[in-house]
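For reference, my_file_38.txt (compact mmCIF, C-alpha atoms):
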# COMPACT_ATOMS: atom_id res chain seq x y z
CA MET U 283 0.00 0.00 0.00
CA ALA U 284 1.20 3.53 -0.76
CA SER U 285 2.67 5.64 2.04
CA SER U 286 0.76 8.61 3.43
CA SER U 287 3.19 11.01 1.73
CA VAL U 288 2.54 9.38 -1.66
CA LEU U 289 -1.24 9.51 -1.08
CA ASN U 290 -1.07 13.15 -0.03
CA HIS U 291 1.01 14.09 -3.05
CA ALA U 292 -1.28 12.16 -5.37
CA ALA U 293 -4.25 14.01 -3.86
CA ARG U 294 -2.57 17.33 -4.65
CA VAL U 295 -2.11 16.18 -8.24
CA LEU U 296 -5.81 15.29 -8.45
CA LYS U 297 -6.74 18.78 -7.31
CA LEU U 298 -4.74 20.17 -10.24
CA VAL U 299 -6.60 17.79 -12.53
CA GLN U 300 -9.94 18.88 -11.11
CA ALA U 301 -8.93 22.46 -11.91
CA GLY U 302 -8.53 21.51 -15.58
CA THR U 303 -4.94 20.26 -15.99
CA PRO U 304 -4.52 16.92 -17.83
CA ALA U 305 -3.28 14.20 -15.49
CA ASP U 306 0.03 13.58 -17.26
CA GLN U 307 0.82 17.31 -17.31
CA ALA U 308 -0.21 17.72 -13.68
CA LEU U 309 2.12 14.88 -12.71
CA ARG U 310 5.06 16.36 -14.62
CA GLU U 311 4.58 19.79 -13.11
CA SER U 312 3.96 18.57 -9.57
CA LEU U 313 6.82 16.07 -9.42
CA THR U 314 9.22 18.59 -10.94
CA GLN U 315 8.33 21.29 -8.44
CA ASP U 316 8.35 19.07 -5.34
CA ARG U 317 11.98 18.27 -4.56
CA HIS U 318 10.92 15.77 -1.89
CA PHE U 319 10.13 13.21 -4.59
CA THR U 320 13.58 12.79 -6.06
CA ALA U 321 13.75 8.99 -5.64
CA PRO U 322 12.47 7.18 -8.74
CA ALA U 323 10.45 4.76 -6.58
CA GLU U 324 8.54 7.62 -4.94
CA ARG U 325 7.88 9.31 -8.25
CA ARG U 326 6.62 6.04 -9.71
CA GLY U 327 4.42 5.57 -6.66
CA VAL U 328 2.71 8.93 -7.15
CA SER U 329 2.20 8.37 -10.88
CA ARG U 330 0.88 4.86 -10.36
CA THR U 331 -1.53 6.01 -7.65
CA VAL U 332 -2.93 8.84 -9.77
CA PHE U 333 -3.51 6.67 -12.84
CA THR U 334 -4.99 3.87 -10.70
CA TYR U 335 -7.51 6.39 -9.37
CA PHE U 336 -8.77 7.18 -12.88
CA ARG U 337 -8.89 3.49 -13.78
CA TRP U 338 -11.28 2.77 -10.89
CA GLN U 339 -12.92 6.17 -10.56
CA ARG U 340 -16.51 4.91 -10.99
CA TRP U 341 -16.06 2.38 -8.18
CA LEU U 342 -15.06 5.02 -5.62
CA GLY U 343 -17.10 6.98 -3.08
CA ALA U 344 -17.26 10.54 -4.37
CA LYS U 345 -17.95 11.90 -0.86
CA ASP U 346 -14.79 10.35 0.59
CA SER U 347 -11.59 12.35 0.88
CA LEU U 348 -9.23 12.11 -2.07
CA GLN U 349 -6.76 10.18 0.08
CA LYS U 350 -9.42 7.58 0.94
CA GLN U 351 -10.47 7.31 -2.70
CA LEU U 352 -6.87 6.83 -3.78
CA GLU U 353 -6.36 4.15 -1.15
CA ALA U 354 -9.56 2.37 -2.24
CA ALA U 355 -8.45 2.49 -5.88
CA LEU U 356 -5.15 0.83 -5.01
CA VAL U 357 -7.02 -1.92 -3.14
CA LEU U 358 -9.27 -2.50 -6.16
CA GLN U 359 -6.25 -2.66 -8.44
CA GLU U 360 -4.62 -5.27 -6.22
CA ARG U 361 -7.80 -7.36 -6.15
CA PHE U 362 -8.08 -7.15 -9.92
CA ASN U 363 -4.41 -8.08 -10.44
CA GLN U 364 -4.94 -11.22 -8.34
CA ASP U 365 -8.10 -12.37 -10.14
CA PRO U 366 -9.63 -10.29 -12.96
CA ALA U 367 -12.50 -12.78 -13.31
CA ASN U 368 -13.90 -11.58 -9.98
CA PHE U 369 -14.95 -8.37 -11.71
CA LYS U 370 -18.09 -9.08 -13.69
CA LEU U 371 -18.49 -7.97 -17.28
CA GLU U 372 -21.60 -5.96 -16.41
CA ALA U 373 -19.66 -3.89 -13.88
CA LEU U 374 -16.72 -3.34 -16.23
CA SER U 375 -19.00 -2.36 -19.10
CA ALA U 376 -20.89 0.11 -16.90
CA ARG U 377 -17.96 1.61 -15.00
CA ALA U 378 -14.64 1.15 -16.82
CA VAL U 379 -15.53 3.25 -19.88
CA PRO U 380 -17.85 6.21 -20.53
CA ASP U 381 -21.45 5.51 -21.53
CA TRP U 382 -21.16 7.14 -24.96
CA LEU U 383 -18.53 4.65 -26.18
CA LYS U 384 -21.04 1.88 -27.00
CA ALA U 385 -22.53 4.02 -29.77
CA GLU U 386 -19.11 4.77 -31.26
CA MET U 387 -17.67 1.24 -31.50
CA ASP U 388 -18.91 -1.76 -33.47
CA SER U 389 -18.25 -3.96 -30.45
CA ILE U 390 -16.60 -3.73 -27.05
CA PRO U 391 -14.79 -7.01 -26.33
CA VAL U 392 -14.81 -8.10 -22.70
CA GLU U 393 -11.10 -8.94 -23.09
CA TRP U 394 -10.44 -5.30 -23.91
CA LEU U 395 -12.39 -4.07 -20.88
CA ARG U 396 -10.30 -6.31 -18.66
CA GLN U 397 -7.08 -5.30 -20.39
CA ILE U 398 -7.55 -1.57 -19.86
CA GLN U 399 -7.95 -2.17 -16.12
CA CYS U 400 -4.45 -3.66 -16.03
CA GLU U 401 -1.38 -1.56 -15.42
CA PRO U 402 0.39 -1.03 -18.77
CA VAL U 403 3.59 -2.64 -19.97
CA LEU U 404 6.59 -0.44 -20.77
CA TRP U 405 7.85 -1.11 -24.31
CA ILE U 406 11.16 -0.05 -25.78
CA ARG U 407 12.56 -0.24 -29.30
CA ALA U 408 16.15 -1.22 -29.87
CA LYS U 409 17.91 -0.48 -33.11
CA GLN U 410 17.51 -3.16 -35.76
CA GLY U 411 19.46 -6.29 -34.91
CA GLN U 412 20.41 -5.09 -31.41
CA ALA U 413 17.45 -6.20 -29.30
CA THR U 414 19.18 -9.33 -27.94
CA SER U 415 22.31 -7.51 -26.84
CA LEU U 416 20.28 -4.64 -25.36
CA ALA U 417 18.15 -7.06 -23.35
CA VAL U 418 21.32 -8.43 -21.77
CA LYS U 419 22.56 -4.94 -20.89
CA LEU U 420 19.32 -3.72 -19.38
CA SER U 421 18.05 -7.01 -17.87
CA HIS U 422 14.37 -7.33 -16.91
CA SER U 423 13.65 -7.26 -20.65
CA ARG U 424 11.82 -9.70 -22.89
CA PRO U 425 11.52 -9.71 -26.69
CA ALA U 426 8.09 -9.07 -28.18
CA SER U 427 6.06 -11.75 -29.86
CA VAL U 428 2.95 -11.10 -31.93
CA PRO U 429 1.17 -14.45 -32.42
CA GLN U 430 -1.23 -12.85 -34.90
CA LEU U 431 1.73 -11.90 -37.13
CA PRO U 432 4.18 -14.77 -36.68
CA THR U 433 6.33 -13.91 -39.69
CA LEU U 434 7.05 -10.48 -38.16
CA ASP U 435 8.70 -11.71 -34.95
CA SER U 436 12.15 -12.02 -36.51
CA GLN U 437 11.99 -8.39 -37.68
CA LEU U 438 10.91 -6.84 -34.38
CA SER U 439 13.34 -5.00 -32.13
CA ALA U 440 10.76 -4.49 -29.38
CA LEU U 441 11.39 -5.37 -25.74
CA SER U 442 9.05 -5.23 -22.77
CA TYR U 443 10.80 -3.81 -19.71
CA SER U 444 9.79 -4.72 -16.16
CA GLY U 445 12.73 -3.30 -14.20
CA LEU U 446 12.70 -0.32 -11.86
CA THR U 447 15.64 1.60 -13.33
CA ASP U 448 14.91 5.05 -14.77
CA LEU U 449 15.64 4.17 -18.38
CA TYR U 450 16.17 7.79 -19.41
CA ARG U 451 19.25 7.89 -17.18
CA THR U 452 20.88 4.75 -18.52
CA LYS U 453 24.03 5.04 -20.59
CA GLU U 454 22.36 2.95 -23.30
CA PHE U 455 19.56 5.48 -23.70
CA GLN U 456 21.98 8.40 -23.68
CA ALA U 457 23.98 6.64 -26.38
CA GLY U 458 20.88 6.33 -28.57
CA GLU U 459 20.70 2.53 -28.40
CA PHE U 460 16.93 2.50 -27.79
CA GLU U 461 13.75 4.56 -27.64
CA ILE U 462 10.76 4.18 -25.36
CA GLN U 463 7.99 3.37 -27.83
CA ASP U 464 4.83 1.30 -27.53
CA LEU U 465 4.71 -1.98 -29.44
CA ALA U 466 1.63 -0.91 -31.45
CA SER U 467 3.46 2.20 -32.64
CA GLN U 468 6.40 0.07 -33.70
CA LEU U 469 4.08 -2.16 -35.74
CA VAL U 470 2.90 0.90 -37.68
CA SER U 471 6.42 1.48 -38.99
CA HIS U 472 6.76 -2.20 -39.89
CA ALA U 473 3.48 -1.94 -41.82
CA CYS U 474 4.99 0.93 -43.81
CA ALA U 475 7.92 -1.37 -44.74
CA PRO U 476 10.09 1.46 -46.13
CA GLN U 477 13.03 0.30 -48.21
CA PRO U 478 16.57 1.71 -48.18
CA GLY U 479 16.87 4.49 -50.75
CA GLU U 480 13.15 5.36 -50.80
CA THR U 481 11.67 8.76 -50.00
CA TRP U 482 9.05 8.83 -47.23
CA TRP U 483 7.01 11.47 -45.43
CA ASP U 484 5.95 11.16 -41.79
CA ALA U 485 3.22 13.77 -42.06
CA CYS U 486 2.12 14.00 -38.41
CA ALA U 487 5.49 13.24 -36.88
CA GLY U 488 5.04 14.72 -33.42
CA GLU U 489 8.27 14.20 -31.48
CA GLY U 490 9.56 11.74 -34.06
CA GLY U 491 9.24 8.23 -32.64
CA LYS U 492 8.04 6.76 -35.92
CA THR U 493 10.35 8.99 -37.97
CA MET U 494 13.36 7.46 -36.25
CA HIS U 495 11.98 3.94 -36.60
CA LEU U 496 11.36 4.45 -40.32
CA SER U 497 14.95 5.68 -40.69
CA ASP U 498 16.23 2.59 -38.89
CA LEU U 499 14.20 0.30 -41.18
CA MET U 500 15.64 2.21 -44.15
CA GLN U 501 19.16 1.61 -42.77
CA GLY U 502 19.70 5.36 -42.82
CA LYS U 503 19.52 5.39 -46.63
CA GLY U 504 17.06 7.49 -48.60
CA MET U 505 15.22 10.58 -47.37
CA LEU U 506 12.56 11.18 -44.75
CA TRP U 507 10.43 14.29 -44.40
CA ALA U 508 8.95 14.87 -40.95
CA SER U 509 6.27 17.50 -40.43
CA ASP U 510 4.07 18.65 -37.60
CA ARG U 511 2.05 21.72 -36.69
CA SER U 512 4.05 22.15 -33.45
CA VAL U 513 7.46 23.80 -33.58
CA ARG U 514 8.12 22.54 -30.05
CA ARG U 515 7.52 18.91 -31.03
CA LEU U 516 9.77 19.22 -34.08
CA ALA U 517 12.53 20.65 -31.88
CA LYS U 518 12.17 17.63 -29.62
CA LEU U 519 12.37 15.40 -32.70
CA LYS U 520 15.70 16.97 -33.65
CA ASP U 521 17.09 16.37 -30.15
CA ARG U 522 16.00 12.73 -30.19
CA ALA U 523 17.34 12.17 -33.69
CA ALA U 524 20.72 13.63 -32.74
CA ARG U 525 21.00 11.29 -29.77
CA ALA U 526 19.98 8.30 -31.94
CA LYS U 527 22.33 9.37 -34.73
CA VAL U 528 19.53 9.69 -37.29
CA PHE U 529 20.48 12.09 -40.07
CA ASN U 530 18.53 11.21 -43.24
CA TYR U 531 15.57 13.49 -42.53
CA ARG U 532 14.26 17.01 -42.95
CA THR U 533 11.66 18.76 -40.83
CA ALA U 534 8.97 21.22 -41.85
CA VAL U 535 6.12 22.88 -40.02
CA TRP U 536 2.80 21.91 -41.61
CA GLU U 537 -0.63 22.88 -40.34
CA GLY U 538 -2.36 20.09 -42.26
CA GLY U 539 -3.79 22.29 -45.03
CA ALA U 540 -3.83 21.94 -48.78
CA LYS U 541 -0.53 23.79 -49.15
CA LEU U 542 2.07 21.06 -48.62
CA PRO U 543 5.50 21.68 -47.10
CA THR U 544 7.32 20.26 -50.13
CA LYS U 545 6.74 19.46 -53.80
CA THR U 546 8.57 16.14 -53.38
CA LYS U 547 6.78 13.04 -54.65
CA PHE U 548 7.05 10.14 -52.22
CA HIS U 549 7.33 6.37 -52.36
CA GLY U 550 5.30 6.35 -49.17
CA VAL U 551 3.50 8.65 -46.74
CA LEU U 552 2.55 7.81 -43.18
CA VAL U 553 -0.40 9.73 -41.73
CA ASP U 554 -0.33 8.91 -38.03
CA ALA U 555 -3.22 11.26 -37.47
CA PRO U 556 -4.38 13.06 -34.33
CA CYS U 557 -7.22 11.07 -32.82
CA SER U 558 -9.39 10.52 -29.76
CA GLY U 559 -6.85 8.08 -28.29
CA VAL U 560 -9.32 5.41 -27.18
CA GLY U 561 -6.62 2.83 -27.84
CA THR U 562 -4.40 4.41 -25.17
CA TRP U 563 -6.94 4.30 -22.34
CA GLN U 564 -5.00 1.61 -20.50
CA ARG U 565 -1.93 3.85 -20.37
CA ASN U 566 -3.83 7.11 -19.96
CA PRO U 567 -7.03 6.33 -18.02
CA HIS U 568 -7.76 10.00 -17.32
CA ALA U 569 -8.56 10.44 -21.03
CA ARG U 570 -11.59 8.13 -20.63
CA TRP U 571 -13.35 10.86 -18.70
CA THR U 572 -12.26 13.89 -20.75
CA THR U 573 -12.84 12.64 -24.32
CA GLN U 574 -16.33 13.35 -25.69
CA PRO U 575 -18.27 12.07 -28.74
CA LYS U 576 -17.97 15.47 -30.43
CA ASP U 577 -14.18 15.07 -30.26
CA VAL U 578 -14.45 11.77 -32.14
CA HIS U 579 -16.49 13.26 -34.99
CA GLU U 580 -14.50 16.49 -35.22
CA LEU U 581 -11.28 14.48 -35.41
CA ALA U 582 -12.72 12.22 -38.12
CA VAL U 583 -13.13 15.33 -40.27
CA VAL U 584 -9.53 16.37 -39.54
CA GLN U 585 -8.26 12.89 -40.41
CA THR U 586 -10.16 12.78 -43.71
CA ASN U 587 -8.87 16.24 -44.66
CA LEU U 588 -5.30 15.20 -43.93
CA LEU U 589 -5.59 12.20 -46.25
CA ASN U 590 -7.24 14.32 -48.97
CA HIS U 591 -4.49 16.93 -48.83
CA ILE U 592 -1.65 14.41 -48.79
CA ALA U 593 -2.93 12.21 -51.64
CA PRO U 594 -1.31 14.27 -54.46
CA SER U 595 2.15 13.85 -52.92
CA LEU U 596 2.36 10.11 -53.74
CA LYS U 597 4.22 8.76 -56.75
CA PRO U 598 2.36 6.25 -58.94
CA GLY U 599 2.58 2.97 -57.05
CA GLY U 600 3.32 4.85 -53.84
CA ARG U 601 1.83 3.66 -50.53
CA LEU U 602 -0.37 5.76 -48.27
CA VAL U 603 -0.50 4.44 -44.69
CA TYR U 604 -3.13 5.70 -42.24
CA SER U 605 -2.85 4.97 -38.52
CA VAL U 606 -4.70 6.13 -35.41
CA CYS U 607 -4.40 4.93 -31.82
CA THR U 608 -8.16 4.73 -31.44
CA LEU U 609 -10.93 2.18 -31.97
CA THR U 610 -13.99 4.27 -32.79
CA ARG U 611 -15.91 3.54 -35.97
CA ALA U 612 -15.90 7.14 -37.22
CA GLU U 613 -12.11 7.47 -37.03
CA THR U 614 -11.27 4.02 -38.43
CA SER U 615 -13.53 2.33 -40.97
CA GLY U 616 -15.51 5.55 -41.41
CA VAL U 617 -12.47 7.54 -42.54
CA VAL U 618 -11.24 4.65 -44.71
CA ASP U 619 -14.61 4.31 -46.49
CA THR U 620 -14.88 8.05 -47.10
CA PHE U 621 -11.36 8.35 -48.54
CA THR U 622 -11.67 5.23 -50.69
CA LYS U 623 -14.96 6.37 -52.25
CA SER U 624 -13.63 9.84 -53.07
CA HIS U 625 -10.24 8.69 -54.43
CA PRO U 626 -10.66 6.05 -57.15
CA ASP U 627 -7.00 6.61 -58.02
CA PHE U 628 -6.07 4.91 -54.74
CA GLU U 629 -6.48 1.15 -54.41
CA PRO U 630 -6.94 -0.29 -50.91
CA VAL U 631 -4.29 -2.91 -50.19
CA ALA U 632 -3.99 -5.21 -47.18
CA VAL U 633 -1.63 -4.07 -44.46
CA TRP U 634 -0.12 -7.55 -44.22
CA PRO U 635 -1.24 -8.90 -47.59
CA ALA U 636 -2.73 -12.11 -48.96
CA ALA U 637 -5.86 -14.06 -48.18
CA GLY U 638 -5.67 -17.83 -47.71
CA SER U 639 -2.42 -19.17 -49.09
CA LYS U 640 -1.96 -16.39 -51.65
CA LYS U 641 0.97 -14.06 -51.05
CA GLU U 642 1.48 -10.53 -52.24
CA GLU U 643 4.62 -8.45 -52.11
CA LEU U 644 4.86 -5.34 -49.94
CA GLY U 645 8.22 -3.77 -50.60
CA SER U 646 10.65 -6.66 -50.40
CA GLN U 647 8.71 -8.46 -47.66
CA SER U 648 6.20 -11.26 -48.29
CA ARG U 649 3.71 -12.04 -45.55
CA ASP U 650 1.05 -14.70 -45.18
CA GLN U 651 -2.05 -13.42 -43.48
CA ASN U 652 -3.87 -16.74 -43.43
CA LEU U 653 -2.71 -16.95 -39.80
CA LEU U 654 -4.48 -13.75 -38.71
CA PRO U 655 -7.63 -14.54 -36.68
CA SER U 656 -10.70 -12.31 -36.57
CA PRO U 657 -11.21 -9.69 -35.22
CA PHE U 658 -7.51 -8.83 -35.37
CA PHE U 659 -7.52 -8.77 -39.16
CA LEU U 660 -9.96 -7.20 -41.59
CA PRO U 661 -9.40 -6.85 -45.37
CA HIS U 662 -7.33 -3.77 -46.22
CA SER U 663 -7.01 -2.71 -42.58
CA LEU U 664 -5.70 -3.98 -39.30
CA THR U 665 -7.03 -3.45 -35.79
CA LEU U 666 -4.42 -4.03 -33.12
CA TRP U 667 -6.33 -4.76 -29.93
CA PRO U 668 -4.66 -4.08 -26.56
CA HIS U 669 -5.64 -7.51 -25.23
CA ASP U 670 -3.90 -9.18 -28.18
CA LEU U 671 -0.67 -7.19 -27.86
CA ASN U 672 -0.50 -6.13 -24.21
CA ALA U 673 0.05 -2.69 -25.69
CA ASN U 674 -1.92 0.26 -27.05
CA GLY U 675 -4.80 -0.21 -29.46
CA MET U 676 -4.09 0.85 -33.02
CA PHE U 677 -5.85 0.91 -36.39
CA ILE U 678 -3.88 0.78 -39.65
CA ALA U 679 -5.09 1.03 -43.25
CA MET U 680 -3.17 1.23 -46.51
CA TRP U 681 -3.72 2.30 -50.12
CA LYS U 682 -1.55 2.16 -53.22
CA LYS U 683 -1.71 4.92 -55.81
CA ARG U 684 -2.72 3.43 -59.14

Rewritten as structure tokens:
Amino acid sequence: MASSSVLNHAARVLKLVQAGTPADQALRESLTQDRHFTAPAERRGVSRTVFTYFRWQRWLGAKDSLQKQLEAALVLQERFNQDPANFKLEALSARAVPDWLKAEMDSIPVEWLRQIQCEPVLWIRAKQGQATSLAVKLSHSRPASVPQLPTLDSQLSALSYSGLTDLYRTKEFQAGEFEIQDLASQLVSHACAPQPGETWWDACAGEGGKTMHLSDLMQGKGMLWASDRSVRRLAKLKDRAARAKVFNYRTAVWEGGAKLPTKTKFHGVLVDAPCSGVGTWQRNPHARWTTQPKDVHELAVVQTNLLNHIAPSLKPGGRLVYSVCTLTRAETSGVVDTFTKSHPDFEPVAVWPAAGSKKEELGSQSRDQNLLPSPFFLPHSLTLWPHDLNANGMFIAMWKKR
């Protein structure tokens, strides 16, 4: 059980959240300002307690003090960790997610409801071919396995990390040997399958996690454009790329409008679009209670516009990859259907191609998708469920320009 000092500090963080600050931001600001919490274990304790509160918020007594609610949430988490089956589906469906979600998803698997009540796994990405040696250096690390995509395992450089060391302070991180990146995000870059010497555009690059992974898959050969509407995020990308020794890229500020940042024609474009983030609710449970249906539908318009504006930048035969870390119908199949109907010059292609025993080439990689069970795989798109991966939820779709 958490100490009284951890509970009191977590309660102060919750008061910041109640005043309108997002939980992750409130934690950063509070833990930075309070010098008492310099030990990594104490900082982890506060963060864990705050996020546990939001995971079990609808089970708690609203009239109790914040400290009592936090303590009760930790007890519930411990009970759930010991035996998830003790928590009935009806209770999870009614309390673990907001009521509006049922109207925005085709289905809500019970496995997913149980998964998002678990504490999340920390995933890291080693450079290609270095996962085994990095696991030895860091210890408490295990290589990823994706049973739904068995032919991909040999290509992955993903490790789950269960140790207590602050990874940002390790010499391996400072030397650029790995990045902290969720497994689902890593699978997006593998779906792109960029080849050395190609020209790619990471259109919504953010702080550059996928940009750097694409560069690694390209063996540093070819050219990457990375754009974002935030100058701050692009500056962070440059810092991360310098540490990781990634140099084959250019950055450009782009607001997402029809005027593109370059006239370059690309072999491939990744649109990892802003979204409602439903797929990240295990890692960020506070977002369950701040996201609204209007956000979902407004973002679906933004996502469709991004695809429409980017379409002319593809070379003939070029690949357009769309990804969002959400699971809502409007932002996944809805956006895909809208774009496909309005762009007959783009042919939907399977993310990991081939039905039955038939195989189709994607770049230089051939994959057999006969082994993909429903609902993980759908034609021309892929839904990565958190309960299948023990990671974030992600949706990926792909087109090829005719």

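Atom CA of U:Met500 to atom CA of U:Leu542 spans 23.7 Å [interatomic distance, one decimal].
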
| message | Between atom CA of U:Val513 and atom CA of U:Asp448, what distance in Å does the model show, to one decimal? | response | 27.6 Å

| query | Smallest atom-to-atom distance to U:Asp498: which of U:Gln410, U:Gln463, U:Gln585, U:Gln430, using all atoms listed in the file? | reply | U:Gln410

| message | Taking 5 positions as the minimum chain separation for residues in the same chain, which residues sit within 6 Å of stretch 328-342 of chain U when counting only C-alpha atoms? Answer as a ChimeraX atom specification. | response | /U:288,292,351-352,355,377,567-568

| Which residues come within 12 Å of U:Leu371, counting all atoms listed in the file, excluding same-chain residues fewer than 3 positions away, as a list in words? | Pro366, Ala367, Asn368, Leu374, Ser375, Ala376, Arg377, Ala378, Val379, Ile390, Pro391, Val392, Glu393, Trp394, Leu395 and Arg396 of chain U

| request: Identify, on the basis of only C-alpha atoms, every residue whose closest approach to U:Met680 does not exceed 7 Å; exclude the query and any residue fewer than 6 positions from it along the same chain; express the result as JSON, numbers by chain. | output: {"U": [601, 602, 603, 604, 630, 631, 632, 633, 662, 663]}

| Which of U:Ser615, U:Gln468, U:Ser509, U:Ser436 sits closest to U:Gly538 [using all atoms listed in the file] | U:Ser509

| task | Go through U:Met676, U:Leu596, U:Cys486, U:Ala284 one by one, measure the shortest atom-to-atom distance of each to U:Leu465 using all atoms listed in the file, and give the residue with the smallest value. | result | U:Met676

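Taking atom CA of U:Gln412 as the reference point, atom CA of U:Val553 is found at 27.6 Å.
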
Per-residue nearest contacts stretch 397-507 of chain U to stretch 666-673 of chain U, cut-off 12 Å, using all atoms listed in the file, as JSON lines:
{"residue": "U:Gln397", "atom": "CA", "partner": "U:His669", "partner_atom": "CA", "distance": 5.5}
{"residue": "U:Ile398", "atom": "CA", "partner": "U:Pro668", "partner_atom": "CA", "distance": 7.7}
{"residue": "U:Gln399", "atom": "CA", "partner": "U:His669", "partner_atom": "CA", "distance": 10.8}
{"residue": "U:Cys400", "atom": "CA", "partner": "U:Asn672", "partner_atom": "CA", "distance": 9.4}
{"residue": "U:Glu401", "atom": "CA", "partner": "U:Asn672", "partner_atom": "CA", "distance": 9.9}
{"residue": "U:Pro402", "atom": "CA", "partner": "U:Ala673", "partner_atom": "CA", "distance": 7.1}
{"residue": "U:Val403", "atom": "CA", "partner": "U:Ala673", "partner_atom": "CA", "distance": 6.7}
{"residue": "U:Leu404", "atom": "CA", "partner": "U:Ala673", "partner_atom": "CA", "distance": 8.5}
{"residue": "U:Trp405", "atom": "CA", "partner": "U:Ala673", "partner_atom": "CA", "distance": 8.1}
{"residue": "U:Ile406", "atom": "CA", "partner": "U:Ala673", "partner_atom": "CA", "distance": 11.4}
{"residue": "U:Ala426", "atom": "CA", "partner": "U:Leu671", "partner_atom": "CA", "distance": 9.0}
{"residue": "U:Ser427", "atom": "CA", "partner": "U:Leu671", "partner_atom": "CA", "distance": 8.4}
{"residue": "U:Val428", "atom": "CA", "partner": "U:Leu671", "partner_atom": "CA", "distance": 6.7}
{"residue": "U:Pro429", "atom": "CA", "partner": "U:Asp670", "partner_atom": "CA", "distance": 8.5}
{"residue": "U:Gln430", "atom": "CA", "partner": "U:Asp670", "partner_atom": "CA", "distance": 8.1}
{"residue": "U:Leu431", "atom": "CA", "partner": "U:Leu671", "partner_atom": "CA", "distance": 10.7}
{"residue": "U:Ala440", "atom": "CA", "partner": "U:Ala673", "partner_atom": "CA", "distance": 11.5}
{"residue": "U:Leu441", "atom": "CA", "partner": "U:Ala673", "partner_atom": "CA", "distance": 11.7}
{"residue": "U:Ser442", "atom": "CA", "partner": "U:Asn672", "partner_atom": "CA", "distance": 9.7}
{"residue": "U:Gln463", "atom": "CA", "partner": "U:Ala673", "partner_atom": "CA", "distance": 10.2}
{"residue": "U:Asp464", "atom": "CA", "partner": "U:Ala673", "partner_atom": "CA", "distance": 6.5}
{"residue": "U:Leu465", "atom": "CA", "partner": "U:Ala673", "partner_atom": "CA", "distance": 6.0}
{"residue": "U:Ala466", "atom": "CA", "partner": "U:Ala673", "partner_atom": "CA", "distance": 6.2}
{"residue": "U:Ser467", "atom": "CA", "partner": "U:Ala673", "partner_atom": "CA", "distance": 9.2}
{"residue": "U:Gln468", "atom": "CA", "partner": "U:Ala673", "partner_atom": "CA", "distance": 10.6}
{"residue": "U:Leu469", "atom": "CA", "partner": "U:Leu666", "partner_atom": "CA", "distance": 9.1}
{"residue": "U:Val470", "atom": "CA", "partner": "U:Leu666", "partner_atom": "CA", "distance": 9.9}
{"residue": "U:Ala473", "atom": "CA", "partner": "U:Leu666", "partner_atom": "CA", "distance": 11.9}

Sorted by chain and rising residue number, which residues of stretch 509-620 of chain U lie within 12 Å of stretch 303-314 of chain U, and what are their closest atom pairs and distances in Å to one decimal, counting only C-alpha atoms, as JSON lines?
{"residue": "U:Arg565", "atom": "CA", "partner": "U:Asp306", "partner_atom": "CA", "distance": 10.4}
{"residue": "U:Asn566", "atom": "CA", "partner": "U:Asp306", "partner_atom": "CA", "distance": 8.0}
{"residue": "U:Pro567", "atom": "CA", "partner": "U:Ala305", "partner_atom": "CA", "distance": 9.1}
{"residue": "U:His568", "atom": "CA", "partner": "U:Ala305", "partner_atom": "CA", "distance": 6.4}
{"residue": "U:Ala569", "atom": "CA", "partner": "U:Pro304", "partner_atom": "CA", "distance": 8.3}
{"residue": "U:Arg570", "atom": "CA", "partner": "U:Ala305", "partner_atom": "CA", "distance": 11.5}
{"residue": "U:Trp571", "atom": "CA", "partner": "U:Pro304", "partner_atom": "CA", "distance": 10.7}
{"residue": "U:Thr572", "atom": "CA", "partner": "U:Pro304", "partner_atom": "CA", "distance": 8.8}
{"residue": "U:Thr573", "atom": "CA", "partner": "U:Pro304", "partner_atom": "CA", "distance": 11.4}

| So which residues touch U:Asn530 within 7 Å, counting all atoms listed in the file, skipping near sequence neighbours fewer than 6 positions away, as a ChimeraX atom specification? | /U:502-506

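Among the candidate residues U:Leu438, U:Ile592, U:Ile678, U:Leu356, the one lying nearest to U:Lys541 is U:Ile592, with distances computed using all atoms listed in the file.
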
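Of the residues under consideration (U:Glu613, U:Glu629, U:Glu580, U:Glu454), U:Glu613 shows the shortest atom-to-atom contact distance to U:Val560 when counting only C-alpha atoms.
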
| message | For a cutoff of 8 Å around the file-coordinate point (12.9, 19.8, -43.0), which residues qualify once you count all atoms listed in the file? I'd like the result as a ChimeraX atom specification. | response | /U:507-509,531-534

Starting from the sparse input, extend stretch 439-444 of chain U to N, CA and C atoms and give the output as a JSON list (two decimals), in the frame of the given file.
[["chain", "number", "residue", "atom", "x", "y", "z"],
["U", 439, "SER", "N", 12.29, -5.35, -33.08],
["U", 439, "SER", "CA", 13.34, -5.00, -32.13],
["U", 439, "SER", "C", 12.71, -4.47, -30.84],
["U", 440, "ALA", "N", 11.52, -4.96, -30.54],
["U", 440, "ALA", "CA", 10.76, -4.49, -29.38],
["U", 440, "ALA", "C", 11.05, -5.35, -28.17],
["U", 441, "LEU", "N", 11.18, -4.69, -27.01],
["U", 441, "LEU", "CA", 11.39, -5.37, -25.74],
["U", 441, "LEU", "C", 10.40, -4.81, -24.72],
["U", 442, "SER", "N", 9.81, -5.70, -23.92],
["U", 442, "SER", "CA", 9.05, -5.23, -22.77],
["U", 442, "SER", "C", 10.00, -5.13, -21.59],
["U", 443, "TYR", "N", 9.86, -4.05, -20.82],
["U", 443, "TYR", "CA", 10.80, -3.81, -19.71],
["U", 443, "TYR", "C", 10.04, -3.80, -18.40],
["U", 444, "SER", "N", 10.46, -4.61, -17.45],
["U", 444, "SER", "CA", 9.79, -4.72, -16.16],
["U", 444, "SER", "C", 10.67, -4.29, -15.00]]
